[in-house]
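Trainee: Got a structure for you, written out below as structure tokens; questions coming shortly.
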Amino acid sequence: MIQEDKAKYSDILENSITYLENRGFENIKADTEGYETPKSYKKSGSTISITPDIVADKEGRKHYFDISLKSEKPNLLKSKWLFLNALSRLKSSKFKLITTRGHYAFTQEMLEATNLTSKSLIKI
């Protein structure tokens, strides 16, 4: 989810955190109130900053989660996903997308456009 949508979809972010806690994820960091903010990555020479929506640990492995929702800026969302995918591969961690009802088709189209079709979706 891009920064402009964070306030609009804060309830979905909270539901996602609850879902992950129930699945055994620990040390959860989320870009919302009440949780430690995950590390942000800034593009050099630009004002664009990328922060994963949720970062959590399970069985000694770090997992990056991004919430996939319909967006007015799909190119920015694609860039974020590609970056998080590359970052997770470099650090031997996992990158997964979380989506909700009404956003499945949008998410599938975006995954096909970025050639990330092998990514597993978590449907809440």
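We name chains A, B, ... following the order of the structure tokens; residues begin at 1 in each chain, and ligands are numbered from 1 as shown.
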Near range 118-122 of chain A, counting only C-alpha atoms, which residues have an atom at most 7 Å away, once you skip same-chain residues fewer than 4 positions from it, shown as a list of chain:residue names?
Mentor: A:Lys96, A:Leu97, A:Ile98, A:Thr99
Trainee: List the spatial neighbours of range 62-72 of chain A as a list in words - criterion: any atom at most 8 Å away, only C-alpha atoms, same-chain residues fewer than 6 positions off excluded.
Mentor: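 Within the cut-off, the hits are Met1, Ile2, Asp5, Leu13, Pro52, Asp53, Ile54, Val55, Ala56, Trp81, Leu84, Ser88, Ser93, Lys94, Phe95, Lys96, Leu97, Ile98, Thr99, Thr100, His103, Phe106 and Thr107 of chain A.
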Trainee: Using only C-alpha atoms, determine which residues lie at most 10 Å from range 31-36 of chain A, disregarding the query and same-chain residues fewer than 2 positions distant; provide the list as JSON, numbers by chain.
Mentor: {"A": [3, 6, 7, 10, 13, 14, 27, 28, 29, 38, 39, 40, 51, 52, 53, 54, 55]}
Trainee: Point out the residue among A:Glu21, A:Lys123, A:Leu116, A:Ser46 with the least atom-to-atom distance to Phe83 in chain A, counting only C-alpha atoms.
Mentor: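 Of A:Glu21, A:Lys123, A:Leu116, A:Ser46, the one nearest Phe83 in chain A is A:Leu116, counting only C-alpha atoms.
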Trainee: Identify all residues of range 10-111 of chain A in alpha helix (DSSP H) (DSSP on the backbone) and supply them as a ChimeraX atom specification.
Mentor: /A:10-22,74-90,104-111
Trainee: Check the DSSP output for the backbone and give back, as a compact mmCIF listing (two decimals) with N, CA and C atoms, in the first residue's frame, the residues of range 2-90 of chain A in strand (DSSP E or B).
Mentor:
# COMPACT_ATOMS: atom_id res chain seq x y z
N GLU A 26 6.17 -13.35 15.02
CA GLU A 26 6.64 -12.62 16.19
C GLU A 26 7.42 -11.39 15.77
N ASN A 27 7.72 -10.54 16.74
CA ASN A 27 8.52 -9.33 16.50
C ASN A 27 7.95 -8.53 15.32
N ILE A 28 6.65 -8.28 15.38
CA ILE A 28 5.96 -7.61 14.28
C ILE A 28 6.23 -6.11 14.33
N LYS A 29 6.67 -5.59 13.19
CA LYS A 29 6.86 -4.15 13.01
C LYS A 29 5.90 -3.73 11.90
N ALA A 30 5.17 -2.66 12.14
CA ALA A 30 4.19 -2.22 11.16
C ALA A 30 4.19 -0.70 11.07
N TYR A 41 13.64 2.56 3.28
CA TYR A 41 14.72 2.60 2.30
C TYR A 41 14.47 3.78 1.39
N LYS A 42 15.47 4.63 1.23
CA LYS A 42 15.32 5.85 0.45
C LYS A 42 16.15 5.76 -0.82
N SER A 49 10.64 7.31 -0.58
CA SER A 49 11.04 6.43 0.50
C SER A 49 10.12 5.21 0.50
N ILE A 50 10.69 4.01 0.64
CA ILE A 50 9.90 2.78 0.63
C ILE A 50 9.97 2.15 2.01
N ILE A 54 4.39 -4.34 6.70
CA ILE A 54 4.59 -5.18 7.89
C ILE A 54 5.88 -5.98 7.71
N VAL A 55 6.66 -6.08 8.78
CA VAL A 55 7.83 -6.96 8.82
C VAL A 55 7.69 -7.81 10.07
N ALA A 56 7.84 -9.13 9.92
CA ALA A 56 7.68 -10.03 11.06
C ALA A 56 8.63 -11.20 10.93
N ASP A 57 8.87 -11.87 12.05
CA ASP A 57 9.75 -13.03 12.09
C ASP A 57 8.92 -14.27 12.40
N LYS A 58 9.31 -15.38 11.76
CA LYS A 58 8.71 -16.67 12.07
C LYS A 58 9.75 -17.74 11.80
N ARG A 61 13.19 -16.65 10.44
CA ARG A 61 13.28 -16.05 9.11
C ARG A 61 12.42 -14.79 9.07
N LYS A 62 12.97 -13.74 8.47
CA LYS A 62 12.27 -12.47 8.36
C LYS A 62 11.31 -12.53 7.16
N HIS A 63 10.11 -11.98 7.34
CA HIS A 63 9.10 -11.92 6.30
C HIS A 63 8.69 -10.47 6.09
N TYR A 64 8.67 -10.05 4.82
CA TYR A 64 8.19 -8.73 4.45
C TYR A 64 6.78 -8.89 3.87
N PHE A 65 5.84 -8.07 4.34
CA PHE A 65 4.47 -8.13 3.85
C PHE A 65 4.07 -6.76 3.31
N ASP A 66 3.38 -6.78 2.19
CA ASP A 66 2.81 -5.55 1.66
C ASP A 66 1.33 -5.80 1.42
N ILE A 67 0.51 -4.83 1.73
CA ILE A 67 -0.92 -4.97 1.55
C ILE A 67 -1.28 -4.44 0.17
N SER A 68 -1.94 -5.29 -0.60
CA SER A 68 -2.29 -4.95 -1.97
C SER A 68 -3.73 -4.47 -2.04
Trainee: So how far away is CA of Lys8 in chain A from CA of Pro74 in chain A, in Å?
Mentor: 16.5 Å
Trainee: Restricting the calculation to only C-alpha atoms: of A:Tyr104, A:Ala86, A:Gly60, A:Lys78, which residue gets closest to Gly24 in chain A?
Mentor: A:Gly60
